[in-house]
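K.L.:
This structure is in structure tokens; I'll ask about it shortly.
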Amino acid sequence: MTRLFGTKKTPVTLLATGIALALQAVALPALAQTTGAPADDVQETGSSGDATQLDAVRVVGYRASVEKALDIKRGEAGVVDAIVAEDIGKFPDLNLAESLQRIPGVVITREAGEGRNISVRGLGPDFTRVRINGMEALSTVGGSDGAGGTNRGRGFDFNVFASDLFSQLIVRKTASAEVEEGSLGATVDLRTSRPFDYDGFTMAASWQAAYEDASDRVSPRMAALVSNTWADGRVGALVSFAISERKGVEEGTGTVRWANGPSNGGFAASSPFQAARAADVYHPRFPRYTLMEHDQQRTGVTASLQFKPTDQTTISLDGLYSKIDAQRDEKYIEAYSFSRSGTGKPQTIVRDGEIRDGALVYGVFDNVDLRSENRRDHWNTTFRQLGLEAEHRFSSDFRMSGRVGTSSSEHGNPVQATLMMDKLNVNGYSYDYRGNPYKPVFDYGVDPTDPNGWTFSTVRLRQNYVENDFDSAQVDFDWNISTGFRLKGGVLAKNYDFASREFRRGANETVVPSFPGGSTIVPADYVALASLSGLAGAPGTWVVPDFNRIANLFGIFSNEGTFAMTQFAASTRGVSEEDRGGYLQGEFSTDLGSIPFSGNFGVRYVRTRQESSGIASATGTPVPTTVTREYNDTLPSMNLVAEIAPDFLIRLGAAKVMSRPGLGSLTPGVNVNISGSARAVSGGNPLLDPIRAKTADLGFEWYFDEGAMLGLGLFYKDIDSFIQNTRETRTFASSGLPVSLLDGTGVSPNEEFVFSVPINTPGGELKGFEANYTQPFTFLPGVWRDFGVQLNYTYVDSQIQYLTSTGANAQKTDLTGLSKHAWNATLFYEGARFSGRVSATNRDDYLIQVPGTEIGFDSAGNGVHGQNGTTTIDASVRWKLSDQFEVTLEGINLTNVAQESWVANPSLQLPLEYSETGRQYLLGLRYKF
């Protein structure tokens, strides 16, 4: 079993077999005593599998969730996958992103041990659009620097929401005219519950105690739902809430990056090891241990009112509120001499070392400067959405519907403060990456727990704020023109606003006050201890600045004097978009001979008016700048389904799709530099075109039994262009920037400038396939018939042309965030009183930055940053005490899989960051009336 879980590319079948054997050995004796009868059989829903027949499903538990999801998939014309709550407030996972990763082609990234955002079929979070109750929305949070910091992009952060608030997720992988534009990867539909979903009065509540082994802390989770209908089912109301706390610990190591010695000050020429070095070598910039302590609270509420004033009219009002509050304390001890550029600290002496493949993986040094850091972040995100939807049937053949709504996501990071203290000119410091490169051994040459001799060196202060707002209104019609043909159409108006602000300490961060007595030497009673628990190596404990005592002593949050904050121009920017569009879509159902044939075809037209604002700088003078542009897209689409046999479907889809440029690339906040005959502009590019692609899908689906399916899907995307920072020469007048930036410079806007900005670069192809197998073992005898399995595998390949900073072709390789191989395996059991499941999720290695930085690029720019693949194991069991009460036990990340990133060029790969977050166990009680 150790080898099975430790191998990254273990075949799905072997993993499923291993899980089955483990369950048989451990669980079957108990199962035999507690299962008096098998789960209820499924009632026939008809060969069409239409999603409107979901009420016919009679099975319960996780198996019911699987069957409902398959009914949705089968009933759609396009390529769709779904996850449905098995019952009220019983979503399969605690986190929405972690639920979505069970779907073929979906992989996730994690922050602090929790799923944060998703990629679909190799396309990252910025290419996936999310709708909540039919309306586009965007939520963003903050993160550590290693995880990308504050989200200022279009990627949706799912950790804002508790999964208990939702009843259904649908991932639409192919485009149709009735679904609005904006996605290259997929459109994800999240749906909250409504009162008409239930019969009369319904109530459910759950409580869980969550234990995290890394922090040795227990935190509560609570959720409840109450729904009722009155007036013969014509009026309904529902409210639900979810509250959770989490106290986690993340510990690991880091290098920040690897750098070439001579370019960073080098080492002393008198170093005994210097003569043995035949060529320049690479060394870690910040070899360090890291400790992050997370304290998080999340609150979510949904409310829904529904009315049926007549049999032909339904009105729904839905509200959603969610807030996440977090504090993160980051503690480091590092040798920072190696990070200095220019003259740096060339007196650092290499006493001994070992070079492997051009990297100094082991070294003993003198004259090394040590640094201890304590950073604190307070951040929160508040999401609100309100939507009103109405539908009226004018006749049995014609109906209209309308929806208006608004949503907002407000992220605030009012505290991002770092205190640093240094110990200079230490002899005998060493690092050793020769064993496990992600768990290096450090010897700091001094006792790292000794509080004496540290100098207060830096106070870094920053604040971040990001807002995303959507206002939308749409009207649609649905006209059944004749038997077998239906025409749909509608118009949509949508306004989106993004605003970002950042503030930083105005004074030099290394200007620090003196302690009482007039010295910057940190007194012993102004330090604290930080301790790791699970990592090998040394030190396990070290001193850090006592954050609370020092912050209170000097009043670092006063925003006065040397601690006054000023606006940081590069992150102060905004984008406003007005999207106006409409569509027509035909849906048909006919026969080709004896083969039922159906599908849809249509076209969507959208015009985008975009206004980008930022702060430009010309010869050092800040100038607020706004650039406006318009573009339009005509997007045809087609989805066809042929029922070759009663339970065998072939799907074909084709479409043109578009995704709007990343928000960070659109800012006009540029710097204009004129020096002699040199003219240069660096910054964003508000004139970027959308990323457009042509897509094709071919799918085969065999629904060979109730709740069972075997499928294969092929997909292809021809991406017309990608967006990358590069250089090009053009006149200033052609840039769209205001010519007022050149006032007083004497330079004509018709002169040529070198622009170092994002541009639309050559794209490339993306192709792959998905295999999907779902099977309840109802054909087996006895207790075995209550088991079932879900397996899927995805392969994705792409070739995107990247460019160097000079505009020359660099490497042609995968999209960032793309894992070539990904698979999921779930073995489940559903008995009369006992149920359980074990799930394994794997994604292959993927790139996080191309080209990379500071890792020995050749002339073609061949250097990358990447992330190692992971295989995570989760499990849950439920024991039904009665028709109302149920006991639950869940385990998350049971093998304590770590996150590992690296930097590489064609000849070597070196560690970047490593972190462990431990396992989580949740014991709970659930009540349903």
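Residues in the structure tokens are numbered from 1 in each chain, the chains being A, B, ... in the order shown, and ligands are numbered from 1 in the order shown.
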So that I can check the surroundings of Gly149 of chain A, please list as a PyMOL selection string every protein, DNA and RNA residue that reaches within 12 Å of it, counting only C-alpha atoms and ignoring chain neighbours fewer than 6 positions away.
P.N.:
chain A and resi 111+140-143+377+379+413+416+462-466
K.L.:
If you run DSSP over the backbone, which residues in segment 397-447 of chain A end up strand (DSSP E)? Put them as a PDB file with C-alpha atoms, in the first residue's frame.
P.N.:
```pdb
ATOM      1  CA  PHE A 398     -44.793  29.572 -25.417  1.00  0.00           C
ATOM      2  CA  ARG A 399     -43.235  30.912 -22.249  1.00  0.00           C
ATOM      3  CA  MET A 400     -41.045  33.824 -21.241  1.00  0.00           C
ATOM      4  CA  SER A 401     -38.710  34.312 -18.315  1.00  0.00           C
ATOM      5  CA  GLY A 402     -36.712  37.179 -16.912  1.00  0.00           C
ATOM      6  CA  ARG A 403     -34.025  37.671 -14.305  1.00  0.00           C
ATOM      7  CA  VAL A 404     -32.472  40.717 -12.657  1.00  0.00           C
ATOM      8  CA  GLY A 405     -29.797  40.588 -10.029  1.00  0.00           C
ATOM      9  CA  THR A 406     -26.698  41.984  -8.445  1.00  0.00           C
ATOM     10  CA  SER A 407     -23.680  40.505  -6.696  1.00  0.00           C
ATOM     11  CA  SER A 408     -20.631  41.930  -4.986  1.00  0.00           C
ATOM     12  CA  SER A 409     -17.407  40.544  -3.572  1.00  0.00           C
ATOM     13  CA  GLU A 410     -15.475  42.849  -1.257  1.00  0.00           C
ATOM     14  CA  HIS A 411     -12.029  41.732  -0.151  1.00  0.00           C
ATOM     15  CA  GLY A 412     -10.088  43.623   2.482  1.00  0.00           C
ATOM     16  CA  ASN A 413      -6.588  42.962   3.759  1.00  0.00           C
ATOM     17  CA  PRO A 414      -6.175  45.855   6.224  1.00  0.00           C
ATOM     18  CA  VAL A 415      -3.263  44.242   8.046  1.00  0.00           C
ATOM     19  CA  GLN A 416      -0.262  42.852   6.191  1.00  0.00           C
ATOM     20  CA  ALA A 417       2.678  43.622   8.422  1.00  0.00           C
ATOM     21  CA  THR A 418       6.106  42.014   8.701  1.00  0.00           C
ATOM     22  CA  LEU A 419       8.657  42.535  11.466  1.00  0.00           C
ATOM     23  CA  MET A 420      12.249  41.416  10.859  1.00  0.00           C
ATOM     24  CA  MET A 421      15.341  41.092  13.001  1.00  0.00           C
ATOM     25  CA  ASP A 422      18.859  40.184  11.843  1.00  0.00           C
ATOM     26  CA  LYS A 423      21.979  38.571  13.207  1.00  0.00           C
ATOM     27  CA  LEU A 424      25.028  39.573  11.163  1.00  0.00           C
ATOM     28  CA  ASN A 425      28.345  37.960  10.185  1.00  0.00           C
ATOM     29  CA  VAL A 426      27.651  34.471  11.490  1.00  0.00           C
ATOM     30  CA  TYR A 429      26.298  28.463   8.688  1.00  0.00           C
ATOM     31  CA  SER A 430      25.391  25.504   6.439  1.00  0.00           C
ATOM     32  CA  TYR A 431      22.565  24.198   4.302  1.00  0.00           C
ATOM     33  CA  ASP A 432      22.217  20.689   2.911  1.00  0.00           C
ATOM     34  CA  VAL A 441      18.956  20.436   6.942  1.00  0.00           C
ATOM     35  CA  PHE A 442      20.176  23.817   8.203  1.00  0.00           C
ATOM     36  CA  ASP A 443      22.862  24.590  10.761  1.00  0.00           C
TER      37      ASP A 443
END
```
K.L.:
So that each row is one residue of segment 358-434 of chain A with an atom at most 10 Å from segment 156-166 of chain A, can you give its shortest atom pair and the distance in Å to one decimal, using only C-alpha atoms, rows by chain and rising number, as JSON lines?
P.N.:
```
{"residue": "A:Asn380", "atom": "CA", "partner": "A:Val160", "partner_atom": "CA", "distance": 9.3}
{"residue": "A:Thr381", "atom": "CA", "partner": "A:Val160", "partner_atom": "CA", "distance": 7.2}
{"residue": "A:Thr382", "atom": "CA", "partner": "A:Val160", "partner_atom": "CA", "distance": 8.2}
{"residue": "A:Phe383", "atom": "CA", "partner": "A:Val160", "partner_atom": "CA", "distance": 7.9}
{"residue": "A:Ser409", "atom": "CA", "partner": "A:Val160", "partner_atom": "CA", "distance": 9.8}
```
K.L.:
Within 12 Å of Lys331 of chain A, counting only C-alpha atoms, which residues qualify if same-chain residues fewer than 3 places away don't, as a PDB file with N, CA and C atoms, in the first residue's frame?
P.N.:
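What follows is the written file out28.pdb:
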```pdb
ATOM      1  N   SER A 144      -1.153  33.705   0.854  1.00  0.00           N
ATOM      2  CA  SER A 144       0.265  33.932   1.108  1.00  0.00           C
ATOM      3  C   SER A 144       0.963  34.325  -0.188  1.00  0.00           C
ATOM      4  N   VAL A 249      -2.409  24.604  10.694  1.00  0.00           N
ATOM      5  CA  VAL A 249      -0.986  24.911  10.668  1.00  0.00           C
ATOM      6  C   VAL A 249      -0.410  24.385   9.364  1.00  0.00           C
ATOM      7  N   GLU A 250       0.449  25.177   8.773  1.00  0.00           N
ATOM      8  CA  GLU A 250       1.155  24.809   7.538  1.00  0.00           C
ATOM      9  C   GLU A 250       2.633  25.015   7.788  1.00  0.00           C
ATOM     10  N   GLU A 251       3.417  23.989   7.608  1.00  0.00           N
ATOM     11  CA  GLU A 251       4.852  24.139   7.831  1.00  0.00           C
ATOM     12  C   GLU A 251       5.629  23.552   6.665  1.00  0.00           C
ATOM     13  N   GLY A 252       6.792  24.140   6.409  1.00  0.00           N
ATOM     14  CA  GLY A 252       7.553  23.679   5.264  1.00  0.00           C
ATOM     15  C   GLY A 252       8.879  24.391   5.135  1.00  0.00           C
ATOM     16  N   THR A 253       9.385  24.364   3.915  1.00  0.00           N
ATOM     17  CA  THR A 253      10.658  24.990   3.602  1.00  0.00           C
ATOM     18  C   THR A 253      10.509  25.793   2.323  1.00  0.00           C
ATOM     19  N   ARG A 288      15.254  28.570   3.867  1.00  0.00           N
ATOM     20  CA  ARG A 288      14.540  28.870   5.108  1.00  0.00           C
ATOM     21  C   ARG A 288      13.533  27.784   5.456  1.00  0.00           C
ATOM     22  N   TYR A 289      13.162  27.791   6.724  1.00  0.00           N
ATOM     23  CA  TYR A 289      11.998  27.058   7.195  1.00  0.00           C
ATOM     24  C   TYR A 289      10.835  28.030   7.326  1.00  0.00           C
ATOM     25  N   THR A 290       9.610  27.504   7.132  1.00  0.00           N
ATOM     26  CA  THR A 290       8.420  28.351   7.215  1.00  0.00           C
ATOM     27  C   THR A 290       7.395  27.705   8.137  1.00  0.00           C
ATOM     28  N   LEU A 291       6.691  28.553   8.865  1.00  0.00           N
ATOM     29  CA  LEU A 291       5.593  28.128   9.732  1.00  0.00           C
ATOM     30  C   LEU A 291       4.453  29.108   9.546  1.00  0.00           C
ATOM     31  N   MET A 292       3.280  28.613   9.136  1.00  0.00           N
ATOM     32  CA  MET A 292       2.096  29.456   8.963  1.00  0.00           C
ATOM     33  C   MET A 292       0.979  28.922   9.846  1.00  0.00           C
ATOM     34  N   GLU A 293       0.396  29.805  10.616  1.00  0.00           N
ATOM     35  CA  GLU A 293      -0.703  29.455  11.514  1.00  0.00           C
ATOM     36  C   GLU A 293      -1.960  30.163  11.024  1.00  0.00           C
ATOM     37  N   HIS A 294      -2.994  29.382  10.705  1.00  0.00           N
ATOM     38  CA  HIS A 294      -4.225  29.905  10.105  1.00  0.00           C
ATOM     39  C   HIS A 294      -5.369  29.848  11.112  1.00  0.00           C
ATOM     40  N   ARG A 328      -3.610  35.091   9.465  1.00  0.00           N
ATOM     41  CA  ARG A 328      -2.500  34.196   9.157  1.00  0.00           C
ATOM     42  C   ARG A 328      -1.230  34.781   9.744  1.00  0.00           C
ATOM     43  N   GLU A 334      15.918  32.441   8.087  1.00  0.00           N
ATOM     44  CA  GLU A 334      16.548  32.306   6.777  1.00  0.00           C
ATOM     45  C   GLU A 334      17.923  32.951   6.769  1.00  0.00           C
ATOM     46  N   ARG A 371      18.270  36.121   9.216  1.00  0.00           N
ATOM     47  CA  ARG A 371      17.080  36.953   9.421  1.00  0.00           C
ATOM     48  C   ARG A 371      15.943  36.084   9.973  1.00  0.00           C
ATOM     49  N   SER A 372      15.224  36.654  10.942  1.00  0.00           N
ATOM     50  CA  SER A 372      14.028  36.025  11.492  1.00  0.00           C
ATOM     51  C   SER A 372      12.851  36.961  11.244  1.00  0.00           C
ATOM     52  N   GLU A 373      11.740  36.407  10.731  1.00  0.00           N
ATOM     53  CA  GLU A 373      10.579  37.224  10.365  1.00  0.00           C
ATOM     54  C   GLU A 373       9.332  36.745  11.099  1.00  0.00           C
ATOM     55  N   ASN A 374       8.460  37.694  11.372  1.00  0.00           N
ATOM     56  CA  ASN A 374       7.123  37.393  11.880  1.00  0.00           C
ATOM     57  C   ASN A 374       6.149  38.293  11.128  1.00  0.00           C
ATOM     58  N   ARG A 375       5.296  37.682  10.315  1.00  0.00           N
ATOM     59  CA  ARG A 375       4.342  38.437   9.498  1.00  0.00           C
ATOM     60  C   ARG A 375       2.921  38.099   9.931  1.00  0.00           C
ATOM     61  N   ARG A 376       2.064  39.108   9.942  1.00  0.00           N
ATOM     62  CA  ARG A 376       0.661  38.903  10.288  1.00  0.00           C
ATOM     63  C   ARG A 376      -0.224  39.481   9.190  1.00  0.00           C
ATOM     64  N   ASP A 377      -1.210  38.680   8.800  1.00  0.00           N
ATOM     65  CA  ASP A 377      -2.224  39.108   7.832  1.00  0.00           C
ATOM     66  C   ASP A 377      -3.606  38.973   8.455  1.00  0.00           C
ATOM     67  N   ALA A 417       1.517  42.999   7.771  1.00  0.00           N
ATOM     68  CA  ALA A 417       2.678  43.622   8.422  1.00  0.00           C
ATOM     69  C   ALA A 417       3.733  42.575   8.721  1.00  0.00           C
ATOM     70  N   THR A 418       4.985  42.919   8.463  1.00  0.00           N
ATOM     71  CA  THR A 418       6.106  42.014   8.701  1.00  0.00           C
ATOM     72  C   THR A 418       7.156  42.713   9.544  1.00  0.00           C
ATOM     73  N   LEU A 419       7.568  42.064  10.614  1.00  0.00           N
ATOM     74  CA  LEU A 419       8.657  42.535  11.466  1.00  0.00           C
ATOM     75  C   LEU A 419       9.848  41.613  11.266  1.00  0.00           C
ATOM     76  N   MET A 420      11.041  42.204  11.111  1.00  0.00           N
ATOM     77  CA  MET A 420      12.249  41.416  10.859  1.00  0.00           C
ATOM     78  C   MET A 420      13.345  41.808  11.832  1.00  0.00           C
ATOM     79  N   MET A 421      14.137  40.828  12.211  1.00  0.00           N
ATOM     80  CA  MET A 421      15.341  41.092  13.001  1.00  0.00           C
ATOM     81  C   MET A 421      16.475  40.236  12.447  1.00  0.00           C
ATOM     82  N   ALA A 528       9.767  35.885  20.672  1.00  0.00           N
ATOM     83  CA  ALA A 528       8.950  34.713  20.966  1.00  0.00           C
ATOM     84  C   ALA A 528       9.555  33.521  20.239  1.00  0.00           C
ATOM     85  N   LEU A 529       9.022  32.327  20.500  1.00  0.00           N
ATOM     86  CA  LEU A 529       9.526  31.118  19.872  1.00  0.00           C
ATOM     87  C   LEU A 529       8.558  30.605  18.821  1.00  0.00           C
ATOM     88  N   ALA A 530       9.105  30.112  17.712  1.00  0.00           N
ATOM     89  CA  ALA A 530       8.337  29.416  16.684  1.00  0.00           C
ATOM     90  C   ALA A 530       8.862  27.992  16.596  1.00  0.00           C
ATOM     91  N   SER A 531       7.937  27.013  16.492  1.00  0.00           N
ATOM     92  CA  SER A 531       8.355  25.605  16.504  1.00  0.00           C
ATOM     93  C   SER A 531       7.654  24.818  15.419  1.00  0.00           C
ATOM     94  N   LEU A 532       8.431  24.003  14.700  1.00  0.00           N
ATOM     95  CA  LEU A 532       7.883  23.046  13.750  1.00  0.00           C
ATOM     96  C   LEU A 532       7.614  21.736  14.479  1.00  0.00           C
ATOM     97  N   THR A 541      13.095  24.759  16.342  1.00  0.00           N
ATOM     98  CA  THR A 541      12.575  25.918  17.063  1.00  0.00           C
ATOM     99  C   THR A 541      13.537  27.082  16.885  1.00  0.00           C
ATOM    100  N   TRP A 542      12.993  28.299  16.755  1.00  0.00           N
ATOM    101  CA  TRP A 542      13.819  29.484  16.630  1.00  0.00           C
ATOM    102  C   TRP A 542      13.073  30.696  17.181  1.00  0.00           C
ATOM    103  N   VAL A 543      13.806  31.766  17.391  1.00  0.00           N
ATOM    104  CA  VAL A 543      13.198  32.984  17.920  1.00  0.00           C
ATOM    105  C   VAL A 543      12.703  33.855  16.766  1.00  0.00           C
ATOM    106  N   VAL A 544      11.589  34.537  17.022  1.00  0.00           N
ATOM    107  CA  VAL A 544      11.023  35.506  16.075  1.00  0.00           C
ATOM    108  C   VAL A 544      10.659  36.756  16.862  1.00  0.00           C
ATOM    109  N   PRO A 545      10.533  37.897  16.185  1.00  0.00           N
ATOM    110  CA  PRO A 545      10.051  39.090  16.888  1.00  0.00           C
ATOM    111  C   PRO A 545       8.665  38.830  17.485  1.00  0.00           C
ATOM    112  N   ASP A 546       8.449  39.260  18.705  1.00  0.00           N
ATOM    113  CA  ASP A 546       7.132  39.161  19.333  1.00  0.00           C
ATOM    114  C   ASP A 546       6.237  40.215  18.699  1.00  0.00           C
ATOM    115  N   PHE A 547       5.345  39.772  17.826  1.00  0.00           N
ATOM    116  CA  PHE A 547       4.604  40.712  16.994  1.00  0.00           C
ATOM    117  C   PHE A 547       3.772  41.669  17.835  1.00  0.00           C
TER     118      PHE A 547
END
```
K.L.:
Determine, counting only C-alpha atoms, which protein, DNA and RNA residues have an atom within 6 Å of an atom of segment 706-723 of chain A; residues of the same chain fewer than 4 positions away are not included. Present the result as an NGL selection string.
P.N.:
:A and (67 or 691-702 or 759-775)
K.L.:
I'd like the neighbourhood of Asn868 of chain A as a PyMOL selection string, where a residue qualifies if any of its atoms comes within 9 Å (using only C-alpha atoms), though same-chain residues fewer than 3 positions away should be ignored.
P.N.:
chain A and resi 843-847+899-902
K.L.:
Please save C-alpha atoms of the selected residues as an mmCIF file, in the first residue's frame.
P.N.:
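What ended up in selection_16.cif:
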```
data_model
loop_
_atom_site.group_PDB
_atom_site.id
_atom_site.type_symbol
_atom_site.label_atom_id
_atom_site.label_comp_id
_atom_site.auth_asym_id
_atom_site.auth_seq_id
_atom_site.Cartn_x
_atom_site.Cartn_y
_atom_site.Cartn_z
ATOM 1 C CA ARG A 843 -3.277 15.375 -10.763
ATOM 2 C CA ASP A 844 0.038 15.264 -12.594
ATOM 3 C CA ASP A 845 2.859 17.842 -12.444
ATOM 4 C CA TYR A 846 2.033 21.240 -13.937
ATOM 5 C CA LEU A 847 3.711 24.545 -14.757
ATOM 6 C CA GLN A 899 2.601 20.665 -1.851
ATOM 7 C CA GLU A 900 5.942 20.805 -3.706
ATOM 8 C CA SER A 901 6.999 23.412 -6.263
ATOM 9 C CA TRP A 902 10.237 23.754 -8.181
#
```
K.L.:
With a distance cut-off of 7 Å and only C-alpha atoms, select the neighbouring residues of Ala840 of chain A, excluding the residue or stretch itself and same-chain residues fewer than 2 positions from it, and output the selection as a compact mmCIF listing (two decimals) with C-alpha atoms, in the first residue's frame.
P.N.:
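Below is the file around.txt, written as the result:
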```
# COMPACT_ATOMS: atom_id res chain seq x y z
CA ASN A 824 -10.32 10.14 -9.65
CA ALA A 825 -11.47 6.93 -8.00
CA THR A 826 -14.30 6.50 -5.51
CA VAL A 838 -13.19 6.31 -0.05
CA ASN A 842 -4.69 12.65 -8.58
CA THR A 871 -2.66 12.09 -4.89
CA THR A 872 -5.04 12.85 -2.04
CA ILE A 873 -7.15 10.29 -0.17
CA ASP A 874 -10.42 11.22 1.56
```
K.L.:
Wanna dump the segment 170-241 of chain A-segment 305-309 of chain A contacts at 12 Å for me, each residue with its shortest atom pair and the distance in Å to one decimal, counting only C-alpha atoms, ordered by chain and number, as a Markdown table?
P.N.:
```
| residue | atom | partner | partner_atom | distance |
| --- | --- | --- | --- | --- |
| A:Ser193 | CA | A:Leu305 | CA | 10.5 |
| A:Arg194 | CA | A:Leu305 | CA | 7.5 |
| A:Pro195 | CA | A:Gln306 | CA | 6.9 |
| A:Phe196 | CA | A:Gln306 | CA | 7.2 |
| A:Asp197 | CA | A:Gln306 | CA | 10.4 |
| A:Tyr198 | CA | A:Gln306 | CA | 12.0 |
| A:Ser227 | CA | A:Leu305 | CA | 9.8 |
| A:Asn228 | CA | A:Leu305 | CA | 10.0 |
| A:Thr229 | CA | A:Gln306 | CA | 8.9 |
| A:Trp230 | CA | A:Phe307 | CA | 9.9 |
| A:Ala231 | CA | A:Lys308 | CA | 9.6 |
| A:Asp232 | CA | A:Lys308 | CA | 9.9 |
| A:Gly233 | CA | A:Lys308 | CA | 7.9 |
| A:Arg234 | CA | A:Lys308 | CA | 4.6 |
| A:Val235 | CA | A:Phe307 | CA | 4.7 |
| A:Gly236 | CA | A:Gln306 | CA | 5.1 |
| A:Ala237 | CA | A:Leu305 | CA | 4.6 |
| A:Leu238 | CA | A:Leu305 | CA | 6.6 |
| A:Val239 | CA | A:Leu305 | CA | 9.0 |
```
K.L.:
Pull C-alpha atoms from the residues just selected and write them as a short mmCIF file (atom, residue, chain, number, x, y, z; two decimals), in the first residue's frame.
P.N.:
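selection-v8.cif written:
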```
data_model
loop_
_atom_site.label_atom_id
_atom_site.label_comp_id
_atom_site.auth_asym_id
_atom_site.auth_seq_id
_atom_site.Cartn_x
_atom_site.Cartn_y
_atom_site.Cartn_z
CA SER A 193 -31.96 25.35 -2.56
CA ARG A 194 -35.48 26.74 -3.05
CA PRO A 195 -38.66 25.94 -1.09
CA PHE A 196 -40.45 24.37 -4.07
CA ASP A 197 -37.64 21.77 -4.17
CA TYR A 198 -39.25 20.13 -1.10
CA SER A 227 -38.17 25.23 4.37
CA ASN A 228 -41.96 25.30 4.15
CA THR A 229 -44.77 25.91 1.66
CA TRP A 230 -48.28 27.24 2.22
CA ALA A 231 -51.49 27.99 0.32
CA ASP A 232 -51.58 24.61 -1.42
CA GLY A 233 -47.98 24.94 -2.49
CA ARG A 234 -48.31 28.42 -3.99
CA VAL A 235 -46.08 30.21 -1.46
CA GLY A 236 -42.78 28.98 -0.09
CA ALA A 237 -39.91 30.21 2.02
CA LEU A 238 -36.51 28.75 2.80
CA VAL A 239 -33.51 29.79 4.86
#
```
K.L.:
Have a look at atom CA of Val361 of chain A and atom CA of Gly254 of chain A and let me know their distance in Å, one decimal.
P.N.:
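A separation of 13.7 Å between them.
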K.L.:
Fewer than 3 positions away in the same chain doesn't count, so skip those; otherwise give me all residues within 8 Å of segment 817-823 of chain A, counting only C-alpha atoms, as a PyMOL selection string.
P.N.:
chain A and resi 12+104-105+107+119+121-124+791-797+814+841-848+869
